[in-house]
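Asks: This is the structure I want to talk about, given as structure tokens.
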Amino acid sequence: MADGTDSGFSEGQSSGPGGSSGPISPDLDPLNITTSTVDLEESLDMGAETPLDCGPTPRSFYTLFTDGEGDPKSTGDDITTLTQSSLAGLRLDDALASDVHDLFVTVDDPEKHITNMESYITYRVTTKTTRSDYDSHEYVVRRRYQDFLWLRERLEATNPTHLIPPLPEKHSFRRLDRFSPEFLKTRQAALQKFLSRIVDHPTLSFNENLTIFLTAKAWELASHRKQAQGIMGKMGSSMRSMAAGYMLKNRSPEYATMQEYVNTFGAKMGTIDRINQRLLKEMTDYQQDLREFGPVFTLWSNSETELAPAMLGMASGVEKCEKALDQQISDQEHVFAPPVKEYILYAEAMKAVLKRRDSIQMEYELTVEDLSRKRNDREQLKMSDQSYSLGAFLGKDPEEVRQQKRTKLDSQIEELLKQVEVSNDSVECANADLKADLERWHRNKRRDVKEVFSELCDRNIQYYQECLSAWEETLQEINQKSELETASTLATPTSSCPDTPNLATPTSSITPPLPATPTKGGTEGGAAEGQGGTQ
């Protein structure tokens, strides 16, 4: 190896994937450790560039920028050579810009299965596609929750730097039985959203595990599930991810800010979920009180005939409010709570992706440190005296011992240079995948949060309008009953003037008044008057 390779990581230059010259973005060079492109190519004896594989490449990319074999071609303008970084960026941008939907998946028809060992629910998964890598244009299979869980685990294992949508928790609804129609309806909607997010993803939708999930028969899927990663492998991956957070030395401020945002977002959504659960409990207790409150007025009306209309009106108003509250509780639990839960799980998924990204950068840093140590050893070898080395004691020439050590170090350094190149490409891919998925996640989050908050506002307005209408109707009924009673009271005759005859009563039935006590003068007049009357 030429001595010029010793200055491989000189300040101000970047190795860049594919040997691109000039400085690269700090986002793509997390450690800001750079090297001369020419020196790297000489030390690695690099020939034709190898495109960096950051995922499936759309057909339009090959048409525009490659010769059909994956090798870059000249486009007739200033772009004459595409480096690995530009290839990865073009592939990613082209994938994000493509809005062609050629894969549609529907989850419906939950069905209960009962066996001697367990009872479980399966869902019908219908797939329609025009992709050439599918043997048919339509597939119909039945899948249970464990199958969805297997799919997510496989997607996470094969795409560690991508954000995999979360699945709903297996038991996430406290008020419902897992076989109840309400629970199944909510679970079906969550599974539908999970698959929709995957098939709309430009990379995950091409994953072979998704194809197996959508097309394989039950026994075929069972055989694939048996080949899944064991528990020891999962524990090893988790330990590496945890260690990366402590061993990482030069995390980019961009990803530190991203980590802080995800932590804050998860904490806020957790607070909203706890408050929502508390509100649901209070609303449920209030509903129980209303159910006990209504019959009190109904029973009271049996013993108070004059107050019966008012009591029955109150019972009707309470019953209507209880029904409106029952609908409000259902909406709060099945419309508002699931998206909140989903984004809590999304925050956890984001944290896991950031840890895996840190693990990739940690491996890059460790490789760079190892390379630096080997180069220091080679520099010290030039000035060291090998006369007292083990080889010299065994009778070898000190210069021969020096040359053997140098040859070994050169070989190790060459291998480490290749590992640095590969690790650097892996970090770049991880950064590109994470940024693209985070941008997509932000778009979905803004849309989903607006929709769920708008729906919550509409449901609250509807609830209070129903309660207001119920009490207004009750008040109107009470007032009408009072007015009728008042009118009836005014129409009833009174006995304040006993001498006044009732015109509606026949004359013959009127009792004549008793004669007054006669006086002396009055007797004579009365007698004369009586005589006149007799005549």
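Letters A, B, ... go to the chains of the structure tokens in the order shown; residues in each chain start at 1; ligands are counted from 1 in the same order.
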Excluding same-chain residues fewer than 2 positions from Arg144 of chain A, what lies within 8 Å of it counting only C-alpha atoms, as a short mmCIF file (atom, residue, chain, number, x, y, z; two decimals) with all heavy atoms, in the first residue's frame?
Replies:
data_model
loop_
_atom_site.label_atom_id
_atom_site.label_comp_id
_atom_site.auth_asym_id
_atom_site.auth_seq_id
_atom_site.Cartn_x
_atom_site.Cartn_y
_atom_site.Cartn_z
N TYR A 120 -60.90 -17.32 19.08
CA TYR A 120 -60.23 -16.17 18.49
C TYR A 120 -61.07 -15.64 17.33
O TYR A 120 -62.04 -16.27 16.88
CB TYR A 120 -58.83 -16.55 18.00
CG TYR A 120 -58.79 -17.65 16.97
CD1 TYR A 120 -58.81 -17.36 15.60
CD2 TYR A 120 -58.74 -18.99 17.35
CE1 TYR A 120 -58.78 -18.36 14.65
CE2 TYR A 120 -58.71 -20.00 16.41
CZ TYR A 120 -58.73 -19.68 15.07
OH TYR A 120 -58.70 -20.68 14.13
N ILE A 121 -60.66 -14.46 16.83
CA ILE A 121 -61.37 -13.79 15.75
C ILE A 121 -60.45 -13.70 14.53
O ILE A 121 -59.26 -13.42 14.66
CB ILE A 121 -61.79 -12.37 16.17
CG1 ILE A 121 -62.71 -12.41 17.38
CG2 ILE A 121 -62.46 -11.63 15.02
CD1 ILE A 121 -64.05 -13.06 17.13
N THR A 122 -61.00 -13.98 13.36
CA THR A 122 -60.28 -13.76 12.12
C THR A 122 -61.00 -12.69 11.30
O THR A 122 -62.21 -12.49 11.45
CB THR A 122 -60.18 -15.05 11.28
OG1 THR A 122 -61.50 -15.49 10.92
CG2 THR A 122 -59.47 -16.15 12.06
N TYR A 123 -60.24 -12.01 10.47
CA TYR A 123 -60.79 -10.96 9.61
C TYR A 123 -60.49 -11.31 8.15
O TYR A 123 -59.44 -11.86 7.83
CB TYR A 123 -60.15 -9.60 9.95
CG TYR A 123 -60.42 -9.14 11.35
CD1 TYR A 123 -59.59 -9.55 12.40
CD2 TYR A 123 -61.48 -8.31 11.65
CE1 TYR A 123 -59.83 -9.14 13.70
CE2 TYR A 123 -61.73 -7.89 12.95
CZ TYR A 123 -60.90 -8.31 13.97
OH TYR A 123 -61.15 -7.90 15.25
N ARG A 142 -58.08 -15.04 5.18
CA ARG A 142 -58.53 -14.70 6.53
C ARG A 142 -57.31 -14.67 7.45
O ARG A 142 -56.46 -15.57 7.42
CB ARG A 142 -59.57 -15.69 7.06
CG ARG A 142 -60.84 -15.74 6.23
CD ARG A 142 -62.00 -16.28 7.05
NE ARG A 142 -62.41 -15.35 8.09
CZ ARG A 142 -63.29 -14.36 7.91
NH1 ARG A 142 -63.86 -14.17 6.72
NH2 ARG A 142 -63.63 -13.56 8.91
N GLN A 146 -52.70 -12.35 15.54
CA GLN A 146 -51.33 -12.84 15.61
C GLN A 146 -50.63 -12.77 14.26
O GLN A 146 -49.41 -12.55 14.18
CB GLN A 146 -51.30 -14.28 16.14
CG GLN A 146 -51.81 -14.43 17.57
CD GLN A 146 -50.92 -13.73 18.57
OE1 GLN A 146 -49.74 -13.52 18.34
NE2 GLN A 146 -51.49 -13.34 19.71
N ASP A 147 -51.39 -12.93 13.18
CA ASP A 147 -50.80 -12.82 11.84
C ASP A 147 -50.39 -11.38 11.54
O ASP A 147 -49.33 -11.14 10.95
CB ASP A 147 -51.80 -13.31 10.79
CG ASP A 147 -52.19 -14.76 10.99
OD1 ASP A 147 -51.34 -15.54 11.48
OD2 ASP A 147 -53.33 -15.13 10.67
N PHE A 148 -51.24 -10.43 11.94
CA PHE A 148 -50.87 -9.03 11.78
C PHE A 148 -49.62 -8.70 12.60
O PHE A 148 -48.75 -7.95 12.15
CB PHE A 148 -52.02 -8.12 12.22
CG PHE A 148 -53.17 -8.08 11.27
CD1 PHE A 148 -54.19 -9.01 11.34
CD2 PHE A 148 -53.24 -7.10 10.28
CE1 PHE A 148 -55.26 -8.97 10.46
CE2 PHE A 148 -54.30 -7.05 9.39
CZ PHE A 148 -55.31 -7.99 9.48
#
Asks: Give me, as a PyMOL selection string, all polymer residues having an atom no more than 12 Å from segment 293-295 of chain A, counting only C-alpha atoms and skipping those fewer than 2 positions away in the same chain.
Replies: chain A and resi 286-291+297-302+311-323
Asks: Among the residues of segment 332-422 of chain A, find those DSSP assigns to alpha helix (DSSP H) from the backbone and print them as a VMD selection string.
Replies: chain A and resid 337 to 383 390 to 393 398 to 422
Asks: One decimal, Å: what's the distance from atom CA of Glu466 of chain A over to atom CA of Thr284 of chain A, could you say?
Replies: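 Between atom CA of Glu466 of chain A and atom CA of Thr284 of chain A the gap is 17.9 Å.
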